[in-house]
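Q: Starting off with a structure, shown below.
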Amino acid sequence: MTTMAQALETIRAAQRALNDCAAQDHDGEDDAAAQFDYPDHRARLVAADLGGALAVDYYGDDHDGWAIASAALAQPQVAAHIAQLRIAGPDEGANGLKTWDFAGLIAAAPRFARLTDLQIAESDPGDHNQAVVEDDQLPALLALMPALRKLTLPQAPEPEFFDLDLPELGFVRTGGDFRTRGFIGRLAQARRLPSLRFVDFADSLAPFLSIEEQPADWSSTPFEDYERLMRSPTMERCWGLRLRNAKLSEAQYRALQALRPQCQFSVVLAPPHGYVSHWGRSNFPHRHLLAFG
């Protein structure tokens with residue numbers, strides 16, 4: 001078994017590599033201090049010793065810096081000591097997406113035996129680049145983390161998530177992208193989440209981004225799926241449910257609450273931003289932003 005000191009040194013070595021990459025990007029600049037004018041543009045991998053386990057944070061880009069950081073996290077001597085892992089970055093990306101790729105880490109298959117809290121940051125409604133994890137990676141990634149108690153993701157996971165054994169998972173939050181992946185309907189049938197107590201789910205962004213009809217797999221979660229969830233054994237165990245950007249009427253929200261009157265059921269409307277100059281001149285359905293007329 002490797003020591004905590006060895007794990008911390010591996011993380012420090014990764015930070016040195018990140019610093020070297022940043023220095024190369026600024027090579028040739030006359031003012032050396034200028035490279036620190038925008039600290040958000042410098043990737044960092046930091047760890048805190050909590051007195052027997054590590055809390056690790058990566059903040060940076062989703063390509064070169066992340067490749068270095070994820071290679072360090074893939075080392076068994078590091079993964080074995082992490083209790084909390086948080087991954088985030090500035091509002092930067094390509095083609096409107098900030099895409100986290102876990103292929104290398106999944107291939108290395110380290111065991112995060114002590115990891116109880118994974119947070120891959122969801123997008124802010126004002127972001128230009130939508131945070132996502134590469135398609136079909138989340139189930140394989142989460143399979144390496146059997147002790148999870150708290151899980152925050154930028155999107156709903158694929159259906160294979162519900163085949164995992166996550167006996168301690170008590171809190172799930174998903175950010176919203178364009179596909180729900182049938183999460184709510186499958187959650188209503190979940191059999192391997194015995195400790196789940198709170199769900200915070202963001203529905204599809206698609207209805208907020210175009211007035212044109214969207215493909216079926218981009219549609220908002222139907223009321224019938226929410227109704228099945230409220231009637232399910234899953235919600236018998238949950239004390240709270242928060243829905244973000246659901247495409248439901250007031251009557252439907254009230255009907256769901258009536259099915260579980262003891263549930264702390266709340267609703268958030270936090271749709272993506274829109275440029276006022278585009279209102280009425282594009283496919284963007286801006287009237288949802290005008291709650292007060």
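Chains: A, B, ... in order of the structure tokens. Residues: from 1 per chain. Ligands: from 1, in order shown.
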Residues of range 37-88 of chain A classed as strand (DSSP E) by DSSP on the backbone are to be reported as a PyMOL selection string.

A: chain A and resi 44-49+54-59+82-88

Q: Find the residues around Lys150 in chain A up to 12 Å (only C-alpha atoms counted), leave out those fewer than 3 positions away in its own chain, and share them as number ranges by chain.

A: A: 83-86, 115-120, 142, 145-147, 153, 166-174, 195-200

Q: Just want the 7 Å neighbourhood of Gly89 in chain A, counted on only C-alpha atoms, with same-chain residues fewer than 4 positions away dropped. Output as a ChimeraX atom specification.

A: /A:59-61

Q: At a cut-off of 9 Å, using only C-alpha atoms, what residues contact range 12-18 of chain A? Leave out same-chain residues fewer than 6 positions from it and give the result as a list in words.

A: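 Surrounding residues, per the criterion: Arg42, Ala43, Arg44, Leu45, Val46, Ala47, Asp64, Gly65, Ile68, Ala69, Ala71 and Ala72 of chain A.
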
Q: Save the residues we just selected, all heavy atoms, as a JSON list (two decimals), in the first residue's frame?

A:
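Once everything was written out, this is again02.json:
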```json
[["chain", "number", "residue", "atom", "x", "y", "z"],
["A", 42, "ARG", "N", -4.76, 29.06, -16.11],
["A", 42, "ARG", "CA", -3.71, 28.12, -15.72],
["A", 42, "ARG", "C", -4.36, 26.94, -15.00],
["A", 42, "ARG", "O", -5.02, 27.11, -13.98],
["A", 42, "ARG", "CB", -2.68, 28.80, -14.82],
["A", 42, "ARG", "CG", -1.93, 29.94, -15.50],
["A", 42, "ARG", "CD", -0.90, 30.53, -14.57],
["A", 42, "ARG", "NE", 0.17, 29.60, -14.26],
["A", 42, "ARG", "CZ", 1.34, 29.56, -14.90],
["A", 42, "ARG", "NH1", 1.58, 30.41, -15.90],
["A", 42, "ARG", "NH2", 2.27, 28.69, -14.55],
["A", 43, "ALA", "N", -4.14, 25.76, -15.54],
["A", 43, "ALA", "CA", -4.73, 24.57, -14.94],
["A", 43, "ALA", "C", -4.04, 24.25, -13.62],
["A", 43, "ALA", "O", -2.84, 24.46, -13.47],
["A", 43, "ALA", "CB", -4.61, 23.39, -15.90],
["A", 44, "ARG", "N", -4.83, 23.71, -12.70],
["A", 44, "ARG", "CA", -4.23, 23.31, -11.42],
["A", 44, "ARG", "C", -4.86, 22.01, -10.92],
["A", 44, "ARG", "O", -6.06, 21.76, -11.11],
["A", 44, "ARG", "CB", -4.33, 24.42, -10.38],
["A", 44, "ARG", "CG", -5.66, 24.69, -9.69],
["A", 44, "ARG", "CD", -6.73, 25.27, -10.55],
["A", 44, "ARG", "NE", -6.33, 26.48, -11.25],
["A", 44, "ARG", "CZ", -6.57, 27.69, -10.78],
["A", 44, "ARG", "NH1", -7.20, 27.84, -9.65],
["A", 44, "ARG", "NH2", -6.24, 28.75, -11.49],
["A", 45, "LEU", "N", -4.04, 21.20, -10.30],
["A", 45, "LEU", "CA", -4.47, 19.97, -9.64],
["A", 45, "LEU", "C", -3.96, 20.06, -8.21],
["A", 45, "LEU", "O", -2.74, 20.05, -7.98],
["A", 45, "LEU", "CB", -3.91, 18.73, -10.34],
["A", 45, "LEU", "CG", -4.32, 17.38, -9.76],
["A", 45, "LEU", "CD1", -5.81, 17.11, -9.99],
["A", 45, "LEU", "CD2", -3.49, 16.24, -10.36],
["A", 46, "VAL", "N", -4.87, 20.19, -7.27],
["A", 46, "VAL", "CA", -4.47, 20.41, -5.88],
["A", 46, "VAL", "C", -5.13, 19.38, -4.98],
["A", 46, "VAL", "O", -6.21, 18.86, -5.29],
["A", 46, "VAL", "CB", -4.82, 21.83, -5.41],
["A", 46, "VAL", "CG1", -4.06, 22.87, -6.22],
["A", 46, "VAL", "CG2", -6.32, 22.08, -5.53],
["A", 47, "ALA", "N", -4.48, 19.10, -3.88],
["A", 47, "ALA", "CA", -5.01, 18.12, -2.94],
["A", 47, "ALA", "C", -4.82, 18.61, -1.51],
["A", 47, "ALA", "O", -3.83, 19.26, -1.19],
["A", 47, "ALA", "CB", -4.29, 16.77, -3.11],
["A", 64, "ASP", "N", -5.44, 19.66, -22.88],
["A", 64, "ASP", "CA", -4.05, 19.38, -22.50],
["A", 64, "ASP", "C", -3.87, 19.27, -20.99],
["A", 64, "ASP", "O", -3.25, 18.32, -20.49],
["A", 64, "ASP", "CB", -3.12, 20.48, -23.05],
["A", 64, "ASP", "CG", -3.09, 20.49, -24.57],
["A", 64, "ASP", "OD1", -3.52, 19.48, -25.17],
["A", 64, "ASP", "OD2", -2.67, 21.50, -25.15],
["A", 65, "GLY", "N", -4.41, 20.24, -20.27],
["A", 65, "GLY", "CA", -4.26, 20.19, -18.81],
["A", 65, "GLY", "C", -4.96, 19.00, -18.21],
["A", 65, "GLY", "O", -4.42, 18.32, -17.33],
["A", 68, "ILE", "N", -3.02, 15.71, -18.48],
["A", 68, "ILE", "CA", -1.99, 15.55, -17.46],
["A", 68, "ILE", "C", -2.61, 15.19, -16.11],
["A", 68, "ILE", "O", -2.17, 14.26, -15.41],
["A", 68, "ILE", "CB", -1.15, 16.84, -17.34],
["A", 68, "ILE", "CG1", -0.34, 17.06, -18.61],
["A", 68, "ILE", "CG2", -0.24, 16.79, -16.11],
["A", 68, "ILE", "CD1", 0.33, 18.42, -18.69],
["A", 69, "ALA", "N", -3.65, 15.92, -15.73],
["A", 69, "ALA", "CA", -4.28, 15.68, -14.43],
["A", 69, "ALA", "C", -4.92, 14.29, -14.35],
["A", 69, "ALA", "O", -4.78, 13.58, -13.35],
["A", 69, "ALA", "CB", -5.33, 16.76, -14.16],
["A", 71, "ALA", "N", -4.15, 11.65, -15.97],
["A", 71, "ALA", "CA", -3.12, 10.61, -15.90],
["A", 71, "ALA", "C", -2.63, 10.41, -14.47],
["A", 71, "ALA", "O", -2.35, 9.28, -14.04],
["A", 71, "ALA", "CB", -1.96, 10.98, -16.82],
["A", 72, "ALA", "N", -2.55, 11.50, -13.72],
["A", 72, "ALA", "CA", -2.15, 11.38, -12.31],
["A", 72, "ALA", "C", -3.25, 10.70, -11.50],
["A", 72, "ALA", "O", -2.97, 9.83, -10.66],
["A", 72, "ALA", "CB", -1.85, 12.77, -11.74]]
```

Q: May I ask for the distance between CA of His41 in chain A and CA of Ala53 in chain A, given in Å to one decimal place?

A: 28.4 Å

Q: DSSP on the backbone: which residues in range 43-205 of chain A end up as alpha helix (DSSP H)? Give the answer as a VMD selection string.

A: chain A and resid 64 to 73 76 to 79 103 to 108 138 to 142 183 to 187

Q: Could you please take those selected residues and save C-alpha atoms as a PDB file, in the first residue's frame?

A:
```
ATOM      1  CA  ASP A  64      -4.049  19.383 -22.500  1.00  0.00           C
ATOM      2  CA  GLY A  65      -4.264  20.193 -18.812  1.00  0.00           C
ATOM      3  CA  TRP A  66      -6.918  17.586 -18.177  1.00  0.00           C
ATOM      4  CA  ALA A  67      -4.803  14.945 -19.940  1.00  0.00           C
ATOM      5  CA  ILE A  68      -1.986  15.549 -17.455  1.00  0.00           C
ATOM      6  CA  ALA A  69      -4.284  15.679 -14.431  1.00  0.00           C
ATOM      7  CA  SER A  70      -6.321  12.607 -15.352  1.00  0.00           C
ATOM      8  CA  ALA A  71      -3.117  10.611 -15.904  1.00  0.00           C
ATOM      9  CA  ALA A  72      -2.153  11.384 -12.310  1.00  0.00           C
ATOM     10  CA  LEU A  73      -5.606  10.462 -11.023  1.00  0.00           C
ATOM     11  CA  PRO A  76      -3.548   3.459  -8.280  1.00  0.00           C
ATOM     12  CA  GLN A  77      -1.438   5.027  -5.516  1.00  0.00           C
ATOM     13  CA  VAL A  78      -3.403   8.266  -5.966  1.00  0.00           C
ATOM     14  CA  ALA A  79      -6.914   6.930  -6.552  1.00  0.00           C
ATOM     15  CA  ALA A 103     -11.109   7.306 -21.707  1.00  0.00           C
ATOM     16  CA  GLY A 104      -7.566   7.103 -20.336  1.00  0.00           C
ATOM     17  CA  LEU A 105      -8.683   6.885 -16.743  1.00  0.00           C
ATOM     18  CA  ILE A 106     -11.272   4.220 -17.574  1.00  0.00           C
ATOM     19  CA  ALA A 107      -8.666   2.181 -19.464  1.00  0.00           C
ATOM     20  CA  ALA A 108      -6.272   2.365 -16.498  1.00  0.00           C
ATOM     21  CA  LEU A 138     -20.132   7.690 -17.209  1.00  0.00           C
ATOM     22  CA  PRO A 139     -21.242   4.113 -16.369  1.00  0.00           C
ATOM     23  CA  ALA A 140     -17.705   2.757 -16.825  1.00  0.00           C
ATOM     24  CA  LEU A 141     -16.234   5.635 -14.822  1.00  0.00           C
ATOM     25  CA  LEU A 142     -18.689   5.295 -11.941  1.00  0.00           C
ATOM     26  CA  PHE A 183     -33.196   9.135 -16.584  1.00  0.00           C
ATOM     27  CA  ILE A 184     -36.452   9.751 -14.694  1.00  0.00           C
ATOM     28  CA  GLY A 185     -38.281   6.792 -16.220  1.00  0.00           C
ATOM     29  CA  ARG A 186     -35.380   4.490 -15.403  1.00  0.00           C
ATOM     30  CA  LEU A 187     -34.993   5.932 -11.910  1.00  0.00           C
TER      31      LEU A 187
END
```

Q: Pick out the closest residue to Gln252 in chain A from this set: A:Glu236, A:Glu224, A:Asp91, A:Asp163. Count only C-alpha atoms.

A: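 Among the listed residues, the smallest separation from Gln252 in chain A belongs to A:Glu224.
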
Q: Quick one: residues within 8 Å of Gly93 in chain A, only C-alpha atoms counted, chain neighbours fewer than 2 positions away excluded, as a PDB file with C-alpha atoms, in the first residue's frame?

A:
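Listing of around-v2.pdb after writing:
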```pdb
ATOM      1  CA  ASP A  61      -9.086  23.185 -19.532  1.00  0.00           C
ATOM      2  CA  ASP A  62     -10.677  19.997 -20.818  1.00  0.00           C
ATOM      3  CA  ASP A  91     -16.175  28.641 -19.634  1.00  0.00           C
ATOM      4  CA  ASN A  95     -18.012  24.125 -30.812  1.00  0.00           C
ATOM      5  CA  GLY A  96     -19.968  25.278 -27.771  1.00  0.00           C
ATOM      6  CA  LEU A  97     -18.966  22.294 -25.625  1.00  0.00           C
ATOM      7  CA  LYS A  98     -16.578  21.740 -22.729  1.00  0.00           C
ATOM      8  CA  THR A  99     -16.090  17.987 -23.007  1.00  0.00           C
ATOM      9  CA  ASN A 129     -19.795  26.237 -23.561  1.00  0.00           C
TER      10      ASN A 129
END
```

Q: At what distance in Å, to one decimal, does CA of Leu148 in chain A lie from CA of Glu160 in chain A?

A: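 Atom-to-atom, CA of Glu160 in chain A to CA of Leu148 in chain A, that is 16.4 Å.
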
Q: Contacts of Gly240 in chain A at 6 Å or less, counting only C-alpha atoms, minus same-chain residues fewer than 6 places along, as a list in words?

A: Phe198, Cys263, Gln264 and Phe265 of chain A

Q: Kindly save the residues from that selection, with N, CA, C and O atoms included, as a PDB file, in the first residue's frame.

A:
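Contents of selection-v4.pdb, freshly written:
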```pdb
ATOM      1  N   PHE A 198     -32.115  11.826  -2.035  1.00  0.00           N
ATOM      2  CA  PHE A 198     -32.397  13.130  -2.653  1.00  0.00           C
ATOM      3  C   PHE A 198     -31.952  13.108  -4.102  1.00  0.00           C
ATOM      4  O   PHE A 198     -30.841  12.671  -4.421  1.00  0.00           O
ATOM      5  N   CYS A 263     -42.951  14.629   0.608  1.00  0.00           N
ATOM      6  CA  CYS A 263     -41.693  14.870  -0.108  1.00  0.00           C
ATOM      7  C   CYS A 263     -41.410  16.364  -0.199  1.00  0.00           C
ATOM      8  O   CYS A 263     -42.302  17.155  -0.522  1.00  0.00           O
ATOM      9  N   GLN A 264     -40.172  16.762   0.059  1.00  0.00           N
ATOM     10  CA  GLN A 264     -39.767  18.149  -0.156  1.00  0.00           C
ATOM     11  C   GLN A 264     -39.505  18.318  -1.657  1.00  0.00           C
ATOM     12  O   GLN A 264     -38.408  18.057  -2.145  1.00  0.00           O
ATOM     13  N   PHE A 265     -40.530  18.717  -2.356  1.00  0.00           N
ATOM     14  CA  PHE A 265     -40.535  18.794  -3.814  1.00  0.00           C
ATOM     15  C   PHE A 265     -40.409  20.247  -4.232  1.00  0.00           C
ATOM     16  O   PHE A 265     -41.272  21.070  -3.908  1.00  0.00           O
TER      17      PHE A 265
END
```

Q: Tell me, in Å to one decimal, how far CA of Ala143 in chain A is from CA of Ile87 in chain A.

A: 17.6 Å

Q: Excluding Pro233 in chain A and any residue of its chain fewer than 4 positions from it, enumerate the residues within 12 Å of it, using only C-alpha atoms, and give them as a PyMOL selection string.

A: chain A and resi 187-197+228-229+237-238+260

Q: Export, as a compact mmCIF listing (two decimals), in the first residue's frame, the selected residues with N, CA and C atoms.

A:
```txt
# COMPACT_ATOMS: atom_id res chain seq x y z
N LEU A 187 -35.11 5.78 -13.36
CA LEU A 187 -34.99 5.93 -11.91
C LEU A 187 -36.22 5.36 -11.21
N ALA A 188 -37.37 5.48 -11.84
CA ALA A 188 -38.59 4.92 -11.25
C ALA A 188 -38.52 3.41 -11.12
N GLN A 189 -37.66 2.77 -11.92
CA GLN A 189 -37.54 1.32 -11.89
C GLN A 189 -36.25 0.85 -11.23
N ALA A 190 -35.48 1.78 -10.65
CA ALA A 190 -34.16 1.44 -10.11
C ALA A 190 -34.28 0.44 -8.96
N ARG A 191 -33.37 -0.51 -8.95
CA ARG A 191 -33.35 -1.54 -7.91
C ARG A 191 -32.02 -1.60 -7.16
N ARG A 192 -31.04 -0.81 -7.59
CA ARG A 192 -29.70 -0.92 -7.01
C ARG A 192 -29.24 0.37 -6.34
N LEU A 193 -30.19 1.18 -5.91
CA LEU A 193 -29.86 2.43 -5.22
C LEU A 193 -30.62 2.48 -3.90
N PRO A 194 -30.33 1.55 -2.99
CA PRO A 194 -31.13 1.45 -1.77
C PRO A 194 -30.98 2.61 -0.81
N SER A 195 -29.91 3.39 -0.94
CA SER A 195 -29.67 4.49 0.00
C SER A 195 -30.07 5.85 -0.55
N LEU A 196 -30.58 5.90 -1.76
CA LEU A 196 -30.90 7.18 -2.39
C LEU A 196 -31.96 7.93 -1.58
N ARG A 197 -31.67 9.20 -1.27
CA ARG A 197 -32.59 10.00 -0.47
C ARG A 197 -32.95 11.34 -1.11
N ARG A 228 -44.66 8.25 -12.75
CA ARG A 228 -44.18 6.90 -12.38
C ARG A 228 -43.13 6.97 -11.28
N LEU A 229 -42.26 7.97 -11.37
CA LEU A 229 -41.25 8.12 -10.34
C LEU A 229 -41.88 8.39 -8.98
N ARG A 237 -38.34 6.04 -0.48
CA ARG A 237 -37.13 6.21 0.33
C ARG A 237 -36.61 7.64 0.31
N CYS A 238 -36.96 8.41 -0.74
CA CYS A 238 -36.41 9.76 -0.90
C CYS A 238 -37.19 10.79 -0.08
N ARG A 260 -46.95 12.52 -3.35
CA ARG A 260 -45.99 12.37 -2.24
C ARG A 260 -46.04 13.63 -1.39
```
